[in-house]
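Visitor: Sharing structure.cif here; it has mmCIF, N, CA and C atoms.
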```cif
data_start
#
loop_
_atom_site.label_atom_id
_atom_site.label_comp_id
_atom_site.auth_asym_id
_atom_site.auth_seq_id
_atom_site.Cartn_x
_atom_site.Cartn_y
_atom_site.Cartn_z
N MET A 1 101.84 92.19 25.12
CA MET A 1 101.61 92.37 23.70
C MET A 1 102.94 92.14 22.98
N SER A 2 102.93 91.29 21.99
CA SER A 2 104.15 90.98 21.24
C SER A 2 104.50 92.13 20.29
N ILE A 3 105.72 92.08 19.77
CA ILE A 3 106.14 93.09 18.79
C ILE A 3 105.24 93.02 17.56
N ALA A 4 104.90 91.79 17.15
CA ALA A 4 104.02 91.63 15.98
C ALA A 4 102.66 92.25 16.25
N ASP A 5 102.13 92.03 17.48
CA ASP A 5 100.83 92.62 17.84
C ASP A 5 100.92 94.15 17.84
N SER A 6 102.01 94.68 18.38
CA SER A 6 102.19 96.13 18.40
C SER A 6 102.25 96.69 16.99
N ASN A 7 102.99 96.01 16.12
CA ASN A 7 103.11 96.44 14.72
C ASN A 7 101.75 96.39 14.03
N LEU A 8 100.98 95.32 14.29
CA LEU A 8 99.65 95.20 13.69
C LEU A 8 98.75 96.33 14.16
N ARG A 9 98.78 96.63 15.46
CA ARG A 9 97.94 97.71 16.00
C ARG A 9 98.33 99.06 15.38
N LEU A 10 99.63 99.28 15.23
CA LEU A 10 100.08 100.53 14.63
C LEU A 10 99.60 100.64 13.20
N ARG A 11 99.77 99.59 12.42
CA ARG A 11 99.36 99.62 11.01
C ARG A 11 97.84 99.72 10.90
N THR A 12 97.12 99.04 11.79
CA THR A 12 95.66 99.07 11.74
C THR A 12 95.15 100.47 12.08
N SER A 13 95.81 101.14 13.01
CA SER A 13 95.35 102.49 13.36
C SER A 13 95.51 103.44 12.19
N ASN A 14 96.33 103.06 11.23
CA ASN A 14 96.57 103.90 10.06
C ASN A 14 95.94 103.33 8.79
N VAL A 15 94.98 102.40 8.93
CA VAL A 15 94.31 101.89 7.75
C VAL A 15 93.71 103.08 7.02
N PRO A 16 94.06 103.28 5.77
CA PRO A 16 93.71 104.50 5.04
C PRO A 16 92.27 104.52 4.54
N ILE A 17 91.33 104.75 5.46
CA ILE A 17 89.93 104.78 5.09
C ILE A 17 89.39 106.17 5.41
N GLY A 18 88.58 106.67 4.55
CA GLY A 18 88.01 107.99 4.72
C GLY A 18 88.09 108.71 3.40
N PHE A 19 87.88 110.00 3.44
CA PHE A 19 87.91 110.80 2.23
C PHE A 19 89.24 110.58 1.52
N GLY A 20 89.18 110.17 0.27
CA GLY A 20 90.40 109.92 -0.48
C GLY A 20 91.10 108.64 -0.05
N THR A 21 90.35 107.60 0.20
CA THR A 21 90.91 106.32 0.63
C THR A 21 92.10 105.93 -0.25
N ASP A 22 93.20 105.57 0.39
CA ASP A 22 94.40 105.14 -0.32
C ASP A 22 94.26 103.65 -0.62
N GLU A 23 93.73 103.35 -1.80
CA GLU A 23 93.43 101.97 -2.16
C GLU A 23 94.69 101.12 -2.25
N THR A 24 95.78 101.68 -2.70
CA THR A 24 97.04 100.93 -2.80
C THR A 24 97.53 100.52 -1.42
N ALA A 25 97.48 101.44 -0.46
CA ALA A 25 97.90 101.12 0.91
C ALA A 25 96.96 100.10 1.53
N LEU A 26 95.67 100.23 1.27
CA LEU A 26 94.69 99.28 1.78
C LEU A 26 94.98 97.88 1.25
N ILE A 27 95.24 97.76 -0.03
CA ILE A 27 95.57 96.47 -0.63
C ILE A 27 96.86 95.93 0.00
N SER A 28 97.84 96.78 0.17
CA SER A 28 99.11 96.36 0.75
C SER A 28 98.93 95.80 2.16
N ILE A 29 98.12 96.46 2.96
CA ILE A 29 97.88 96.01 4.33
C ILE A 29 97.17 94.66 4.33
N LEU A 30 96.16 94.50 3.51
CA LEU A 30 95.38 93.26 3.50
C LEU A 30 96.07 92.13 2.75
N ALA A 31 96.77 92.45 1.68
CA ALA A 31 97.37 91.42 0.82
C ALA A 31 98.51 90.68 1.50
N ASN A 32 99.16 91.32 2.42
CA ASN A 32 100.32 90.72 3.07
C ASN A 32 99.96 90.02 4.37
N ARG A 33 98.69 89.65 4.52
CA ARG A 33 98.24 88.96 5.72
C ARG A 33 97.36 87.78 5.34
N ASN A 34 97.43 86.74 6.17
CA ASN A 34 96.56 85.59 5.95
C ASN A 34 95.20 85.87 6.60
N GLU A 35 94.29 84.91 6.50
CA GLU A 35 92.93 85.13 7.00
C GLU A 35 92.92 85.47 8.49
N ALA A 36 93.70 84.75 9.28
CA ALA A 36 93.73 85.00 10.73
C ALA A 36 94.25 86.41 11.02
N GLN A 37 95.26 86.83 10.29
CA GLN A 37 95.81 88.17 10.50
C GLN A 37 94.83 89.25 10.04
N ARG A 38 94.12 89.00 8.94
CA ARG A 38 93.11 89.97 8.50
C ARG A 38 92.00 90.09 9.53
N LYS A 39 91.67 88.97 10.21
CA LYS A 39 90.67 89.02 11.27
C LYS A 39 91.18 89.90 12.42
N LEU A 40 92.46 89.77 12.74
CA LEU A 40 93.04 90.62 13.78
C LEU A 40 93.03 92.09 13.37
N VAL A 41 93.28 92.36 12.11
CA VAL A 41 93.21 93.74 11.60
C VAL A 41 91.80 94.28 11.82
N ARG A 42 90.81 93.47 11.48
CA ARG A 42 89.41 93.90 11.64
C ARG A 42 89.08 94.15 13.11
N LEU A 43 89.52 93.26 14.00
CA LEU A 43 89.25 93.43 15.43
C LEU A 43 89.97 94.65 15.99
N ALA A 44 91.22 94.83 15.59
CA ALA A 44 91.99 95.98 16.06
C ALA A 44 91.37 97.29 15.55
N TYR A 45 90.92 97.29 14.31
CA TYR A 45 90.29 98.48 13.74
C TYR A 45 89.05 98.86 14.56
N LYS A 46 88.25 97.85 14.91
CA LYS A 46 87.04 98.11 15.69
C LYS A 46 87.39 98.65 17.07
N GLU A 47 88.42 98.08 17.68
CA GLU A 47 88.84 98.53 19.00
C GLU A 47 89.35 99.97 18.96
N ILE A 48 90.10 100.30 17.95
CA ILE A 48 90.70 101.64 17.84
C ILE A 48 89.68 102.68 17.39
N HIS A 49 88.87 102.35 16.38
CA HIS A 49 87.98 103.34 15.75
C HIS A 49 86.51 103.20 16.16
N HIS A 50 86.18 102.16 16.91
CA HIS A 50 84.81 101.91 17.36
C HIS A 50 83.83 101.79 16.19
N GLN A 51 84.34 101.25 15.08
CA GLN A 51 83.52 101.01 13.90
C GLN A 51 83.97 99.69 13.29
N ASP A 52 83.03 99.00 12.64
CA ASP A 52 83.38 97.77 11.95
C ASP A 52 84.11 98.11 10.66
N LEU A 53 85.24 97.49 10.44
CA LEU A 53 86.05 97.77 9.25
C LEU A 53 85.27 97.51 7.97
N ILE A 54 84.52 96.42 7.91
CA ILE A 54 83.79 96.10 6.68
C ILE A 54 82.72 97.15 6.40
N GLU A 55 82.00 97.57 7.42
CA GLU A 55 80.98 98.61 7.22
C GLU A 55 81.63 99.91 6.75
N GLN A 56 82.78 100.23 7.31
CA GLN A 56 83.49 101.44 6.91
C GLN A 56 83.96 101.32 5.46
N LEU A 57 84.48 100.14 5.09
CA LEU A 57 84.92 99.93 3.71
C LEU A 57 83.75 100.09 2.74
N LYS A 58 82.60 99.53 3.12
CA LYS A 58 81.42 99.62 2.24
C LYS A 58 80.98 101.07 2.05
N SER A 59 81.17 101.90 3.08
CA SER A 59 80.75 103.30 2.95
C SER A 59 81.76 104.13 2.15
N GLU A 60 83.00 103.69 2.07
CA GLU A 60 84.04 104.47 1.41
C GLU A 60 84.39 103.99 0.00
N LEU A 61 84.15 102.72 -0.28
CA LEU A 61 84.52 102.15 -1.58
C LEU A 61 83.25 101.85 -2.36
N SER A 62 83.41 101.45 -3.61
CA SER A 62 82.23 101.13 -4.41
C SER A 62 82.56 100.06 -5.44
N GLY A 63 81.51 99.52 -6.01
CA GLY A 63 81.64 98.58 -7.12
C GLY A 63 82.33 97.29 -6.76
N ASN A 64 82.96 96.71 -7.78
CA ASN A 64 83.63 95.42 -7.60
C ASN A 64 84.79 95.52 -6.62
N PHE A 65 85.46 96.66 -6.58
CA PHE A 65 86.57 96.82 -5.64
C PHE A 65 86.08 96.74 -4.21
N GLU A 66 84.98 97.43 -3.92
CA GLU A 66 84.40 97.38 -2.57
C GLU A 66 84.01 95.96 -2.21
N ARG A 67 83.36 95.29 -3.14
CA ARG A 67 82.91 93.92 -2.91
C ARG A 67 84.09 92.99 -2.65
N ALA A 68 85.13 93.11 -3.46
CA ALA A 68 86.31 92.25 -3.31
C ALA A 68 87.02 92.51 -1.98
N ILE A 69 87.23 93.77 -1.64
CA ILE A 69 87.92 94.11 -0.39
C ILE A 69 87.09 93.67 0.81
N SER A 70 85.78 93.89 0.76
CA SER A 70 84.92 93.47 1.86
C SER A 70 84.97 91.96 2.05
N HIS A 71 84.85 91.21 0.96
CA HIS A 71 84.90 89.74 1.06
C HIS A 71 86.26 89.27 1.54
N TRP A 72 87.30 89.93 1.13
CA TRP A 72 88.66 89.59 1.52
C TRP A 72 88.87 89.79 3.03
N THR A 73 88.17 90.75 3.60
CA THR A 73 88.32 91.08 5.00
C THR A 73 87.51 90.17 5.91
N MET A 74 86.50 89.52 5.37
CA MET A 74 85.65 88.63 6.16
C MET A 74 86.34 87.29 6.42
N ASP A 75 85.91 86.62 7.50
CA ASP A 75 86.39 85.26 7.67
C ASP A 75 85.65 84.37 6.68
N ALA A 76 86.13 83.16 6.48
CA ALA A 76 85.62 82.30 5.41
C ALA A 76 84.12 82.02 5.54
N ALA A 77 83.65 81.73 6.74
CA ALA A 77 82.23 81.41 6.92
C ALA A 77 81.35 82.63 6.65
N GLU A 78 81.78 83.77 7.12
CA GLU A 78 81.02 85.01 6.89
C GLU A 78 80.99 85.35 5.40
N ARG A 79 82.12 85.18 4.73
CA ARG A 79 82.20 85.44 3.29
C ARG A 79 81.26 84.49 2.52
N ASP A 80 81.30 83.20 2.85
CA ASP A 80 80.44 82.25 2.15
C ASP A 80 78.97 82.53 2.42
N ALA A 81 78.62 82.88 3.65
CA ALA A 81 77.23 83.23 3.97
C ALA A 81 76.80 84.45 3.16
N THR A 82 77.67 85.43 3.04
CA THR A 82 77.37 86.63 2.25
C THR A 82 77.21 86.30 0.78
N LEU A 83 78.10 85.46 0.25
CA LEU A 83 78.01 85.07 -1.16
C LEU A 83 76.71 84.32 -1.44
N ILE A 84 76.31 83.44 -0.52
CA ILE A 84 75.05 82.71 -0.70
C ILE A 84 73.88 83.69 -0.68
N ASN A 85 73.89 84.62 0.26
CA ASN A 85 72.81 85.60 0.34
C ASN A 85 72.73 86.44 -0.93
N GLU A 86 73.88 86.88 -1.42
CA GLU A 86 73.91 87.65 -2.67
C GLU A 86 73.39 86.81 -3.84
N ALA A 87 73.75 85.54 -3.87
CA ALA A 87 73.30 84.65 -4.95
C ALA A 87 71.79 84.47 -4.90
N LEU A 88 71.23 84.38 -3.70
CA LEU A 88 69.79 84.19 -3.55
C LEU A 88 69.00 85.45 -3.86
N LYS A 89 69.58 86.61 -3.67
CA LYS A 89 68.88 87.88 -3.88
C LYS A 89 68.72 88.26 -5.35
N LYS A 90 69.50 87.65 -6.21
CA LYS A 90 69.42 87.99 -7.64
C LYS A 90 68.05 87.64 -8.19
N ALA A 91 67.64 88.36 -9.24
CA ALA A 91 66.34 88.09 -9.87
C ALA A 91 66.22 86.61 -10.23
N THR A 92 67.28 86.06 -10.78
CA THR A 92 67.37 84.63 -11.01
C THR A 92 68.52 84.15 -10.13
N PRO A 93 68.20 83.43 -9.04
CA PRO A 93 69.27 83.02 -8.12
C PRO A 93 70.43 82.33 -8.84
N ASP A 94 71.63 82.61 -8.36
CA ASP A 94 72.84 82.05 -8.95
C ASP A 94 73.15 80.73 -8.23
N TYR A 95 72.56 79.67 -8.74
CA TYR A 95 72.70 78.36 -8.10
C TYR A 95 74.14 77.85 -8.14
N LYS A 96 74.92 78.28 -9.12
CA LYS A 96 76.30 77.81 -9.22
C LYS A 96 77.10 78.18 -7.97
N VAL A 97 76.87 79.36 -7.45
CA VAL A 97 77.58 79.80 -6.24
C VAL A 97 77.20 78.91 -5.07
N ILE A 98 75.91 78.69 -4.91
CA ILE A 98 75.42 77.88 -3.79
C ILE A 98 75.94 76.45 -3.89
N ILE A 99 75.88 75.88 -5.08
CA ILE A 99 76.34 74.51 -5.29
C ILE A 99 77.84 74.40 -5.04
N GLU A 100 78.60 75.37 -5.54
CA GLU A 100 80.05 75.33 -5.32
C GLU A 100 80.39 75.35 -3.84
N ILE A 101 79.75 76.23 -3.10
CA ILE A 101 80.02 76.32 -1.66
C ILE A 101 79.58 75.03 -0.97
N ALA A 102 78.38 74.54 -1.27
CA ALA A 102 77.87 73.34 -0.62
C ALA A 102 78.72 72.11 -0.91
N CYS A 103 79.29 72.04 -2.09
CA CYS A 103 80.04 70.84 -2.50
C CYS A 103 81.53 70.89 -2.15
N THR A 104 82.04 72.04 -1.82
CA THR A 104 83.48 72.14 -1.57
C THR A 104 83.84 72.42 -0.12
N ARG A 105 82.85 72.49 0.75
CA ARG A 105 83.12 72.73 2.17
C ARG A 105 82.85 71.45 2.96
N ASN A 106 83.62 71.24 4.02
CA ASN A 106 83.38 70.08 4.86
C ASN A 106 82.25 70.40 5.85
N SER A 107 81.86 69.40 6.64
CA SER A 107 80.70 69.58 7.52
C SER A 107 80.92 70.67 8.56
N GLU A 108 82.12 70.80 9.09
CA GLU A 108 82.40 71.87 10.06
C GLU A 108 82.28 73.25 9.41
N GLU A 109 82.79 73.37 8.20
CA GLU A 109 82.72 74.64 7.49
C GLU A 109 81.27 74.99 7.16
N LEU A 110 80.48 73.99 6.75
CA LEU A 110 79.07 74.24 6.45
C LEU A 110 78.31 74.68 7.69
N LEU A 111 78.62 74.08 8.83
CA LEU A 111 77.98 74.49 10.08
C LEU A 111 78.35 75.93 10.43
N ALA A 112 79.60 76.29 10.24
CA ALA A 112 80.04 77.67 10.50
C ALA A 112 79.34 78.65 9.55
N ILE A 113 79.15 78.25 8.30
CA ILE A 113 78.44 79.09 7.33
C ILE A 113 76.99 79.29 7.77
N LYS A 114 76.33 78.21 8.21
CA LYS A 114 74.95 78.31 8.68
C LYS A 114 74.85 79.27 9.86
N ARG A 115 75.79 79.17 10.78
CA ARG A 115 75.78 80.05 11.95
C ARG A 115 76.02 81.51 11.54
N SER A 116 76.95 81.72 10.64
CA SER A 116 77.22 83.09 10.16
C SER A 116 76.00 83.66 9.44
N TYR A 117 75.37 82.85 8.61
CA TYR A 117 74.19 83.29 7.87
C TYR A 117 73.10 83.71 8.86
N GLN A 118 72.86 82.88 9.87
CA GLN A 118 71.84 83.19 10.87
C GLN A 118 72.19 84.49 11.60
N SER A 119 73.44 84.65 11.95
CA SER A 119 73.88 85.85 12.66
C SER A 119 73.76 87.11 11.79
N LEU A 120 74.14 87.00 10.53
CA LEU A 120 74.12 88.15 9.64
C LEU A 120 72.71 88.54 9.19
N TYR A 121 71.89 87.55 8.86
CA TYR A 121 70.61 87.82 8.19
C TYR A 121 69.38 87.48 9.02
N LYS A 122 69.59 86.90 10.20
CA LYS A 122 68.49 86.54 11.11
C LYS A 122 67.48 85.62 10.43
N HIS A 123 67.98 84.80 9.51
CA HIS A 123 67.16 83.80 8.81
C HIS A 123 67.90 82.48 8.83
N CYS A 124 67.15 81.42 8.63
CA CYS A 124 67.74 80.09 8.52
C CYS A 124 68.23 79.89 7.08
N LEU A 125 69.48 79.52 6.92
CA LEU A 125 70.07 79.32 5.60
C LEU A 125 69.28 78.29 4.79
N GLU A 126 68.99 77.14 5.40
CA GLU A 126 68.29 76.09 4.66
C GLU A 126 66.92 76.56 4.18
N GLU A 127 66.21 77.30 5.03
CA GLU A 127 64.88 77.78 4.64
C GLU A 127 64.97 78.79 3.50
N ASP A 128 65.95 79.68 3.55
CA ASP A 128 66.12 80.66 2.48
C ASP A 128 66.47 79.97 1.16
N VAL A 129 67.37 79.00 1.21
CA VAL A 129 67.74 78.28 -0.01
C VAL A 129 66.53 77.52 -0.54
N ALA A 130 65.80 76.84 0.34
CA ALA A 130 64.63 76.07 -0.10
C ALA A 130 63.56 76.98 -0.70
N SER A 131 63.38 78.17 -0.14
CA SER A 131 62.34 79.06 -0.65
C SER A 131 62.71 79.69 -1.99
N GLN A 132 64.00 79.70 -2.33
CA GLN A 132 64.45 80.34 -3.57
C GLN A 132 64.82 79.36 -4.67
N THR A 133 64.70 78.07 -4.40
CA THR A 133 65.10 77.09 -5.40
C THR A 133 63.91 76.24 -5.84
N ILE A 134 64.00 75.76 -7.07
CA ILE A 134 62.94 74.92 -7.62
C ILE A 134 63.56 73.77 -8.41
N GLY A 135 62.75 72.79 -8.71
CA GLY A 135 63.16 71.71 -9.61
C GLY A 135 64.33 70.89 -9.10
N ASP A 136 65.19 70.49 -10.03
CA ASP A 136 66.32 69.62 -9.72
C ASP A 136 67.29 70.25 -8.73
N VAL A 137 67.45 71.54 -8.79
CA VAL A 137 68.39 72.22 -7.90
C VAL A 137 67.93 72.07 -6.45
N ARG A 138 66.65 72.10 -6.22
CA ARG A 138 66.12 72.00 -4.86
C ARG A 138 66.41 70.65 -4.24
N LYS A 139 66.44 69.61 -5.06
CA LYS A 139 66.71 68.26 -4.55
C LYS A 139 68.11 68.21 -4.01
#
```
Produce structure tokens that represent the structure in this file.

Guide:
Amino acid sequence: MSIADSNLRLRTSNVPIGFGTDETALISILANRNEAQRKLVRLAYKEIHHQDLIEQLKSELSGNFERAISHWTMDAAERDATLINEALKKATPDYKVIIEIACTRNSEELLAIKRSYQSLYKHCLEEDVASQTIGDVRK
């Protein structure tokens, strides 16, 4: 285990989640890491605490802050799959979100999003999008 790995494990074991969550410390831990490092934080948290970091964050935080921190902690494909699902669940689906993701991701990223969506929601992404869209957007 490298010094960096040891430091990450130490900081992850002290992620301030629980009664009186220290939001400033949480932001500091996540903000100073790139996506790969945040993934390691999430994996280390699960190994140490036997709980998924995102699920724990959702139970301790609320509102836009919870949503932002949760999305920030996810890998890109998982985040995009979640955003698409949230867009489809609205009373009037938010097609702008779906179009932005579909038009700005390459084929490998889209495949990863489809796999994440299937894993998270046990549904086919294309079928869910097709069932929730009509008219020109569906084309």

Visitor: Just checking: using only N, CA and C atoms, which residue out of A:Glu109, A:Glu23, A:Glu47, A:Glu55 ends up closest to Ala77 (chain A)?

Guide: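 Smallest distance to Ala77 (chain A) is found for A:Glu109.
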
Visitor: Care to translate the PyMOL selection byres (((chain A and resi 43 and name CA) around 12) and name CA) into actual residues of this file, as a ChimeraX atom specification?

Guide: /A:5,8-9,12-13,36-42,44-54,73-75

Visitor: If you count only N, CA and C atoms, which residues fall within 7 Å of Ile113 (chain A), apart from same-chain ones fewer than 3 positions away, as number ranges by chain?

Guide: A: 76-78, 80-81, 108-110, 116-118

Visitor: Just to be explicit: take each residue in the selection above, keep N, CA and C atoms, and write the result as a short mmCIF file (atom, residue, chain, number, x, y, z; two decimals), keeping the file's coordinate frame.

Guide:
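Done, and the output landed in out.cif:
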```
data_model
loop_
_atom_site.label_atom_id
_atom_site.label_comp_id
_atom_site.auth_asym_id
_atom_site.auth_seq_id
_atom_site.Cartn_x
_atom_site.Cartn_y
_atom_site.Cartn_z
N ALA A 76 86.13 83.16 6.48
CA ALA A 76 85.62 82.30 5.41
C ALA A 76 84.12 82.02 5.54
N ALA A 77 83.65 81.73 6.74
CA ALA A 77 82.23 81.41 6.92
C ALA A 77 81.35 82.63 6.65
N GLU A 78 81.78 83.77 7.12
CA GLU A 78 81.02 85.01 6.89
C GLU A 78 80.99 85.35 5.40
N ASP A 80 81.30 83.20 2.85
CA ASP A 80 80.44 82.25 2.15
C ASP A 80 78.97 82.53 2.42
N ALA A 81 78.62 82.88 3.65
CA ALA A 81 77.23 83.23 3.97
C ALA A 81 76.80 84.45 3.16
N GLU A 108 82.12 70.80 9.09
CA GLU A 108 82.40 71.87 10.06
C GLU A 108 82.28 73.25 9.41
N GLU A 109 82.79 73.37 8.20
CA GLU A 109 82.72 74.64 7.49
C GLU A 109 81.27 74.99 7.16
N LEU A 110 80.48 73.99 6.75
CA LEU A 110 79.07 74.24 6.45
C LEU A 110 78.31 74.68 7.69
N SER A 116 76.95 81.72 10.64
CA SER A 116 77.22 83.09 10.16
C SER A 116 76.00 83.66 9.44
N TYR A 117 75.37 82.85 8.61
CA TYR A 117 74.19 83.29 7.87
C TYR A 117 73.10 83.71 8.86
N GLN A 118 72.86 82.88 9.87
CA GLN A 118 71.84 83.19 10.87
C GLN A 118 72.19 84.49 11.60
#
```

Visitor: What does the distance from CA of Ala31 (chain A) to CA of Phe65 (chain A) come to in Å, to one decimal?

Guide: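 One can read the CA of Ala31 (chain A) to CA of Phe65 (chain A) distance as 13.7 Å.
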
Visitor: To one decimal in Å, tell me the separation between CA of Gly63 (chain A) and CA of Asn32 (chain A).

Guide: 22.7 Å

Visitor: Which of these, A:Lys89, A:His71, A:Arg33, A:Lys58, has the shortest distance to Gln132 (chain A) once you count only C-alpha atoms?

Guide: A:Lys89

Visitor: With distances taken over all atoms listed in the file, which of A:Leu120, A:Glu126, A:Leu30, A:Cys103 is nearest to Thr82 (chain A)?

Guide: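 For Thr82 (chain A), the nearest of the given residues is A:Leu120.
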
Visitor: Using Å and a single decimal, report how far atom C of Ile101 (chain A) sits from atom N of Ser62 (chain A).

Guide: 26.8 Å
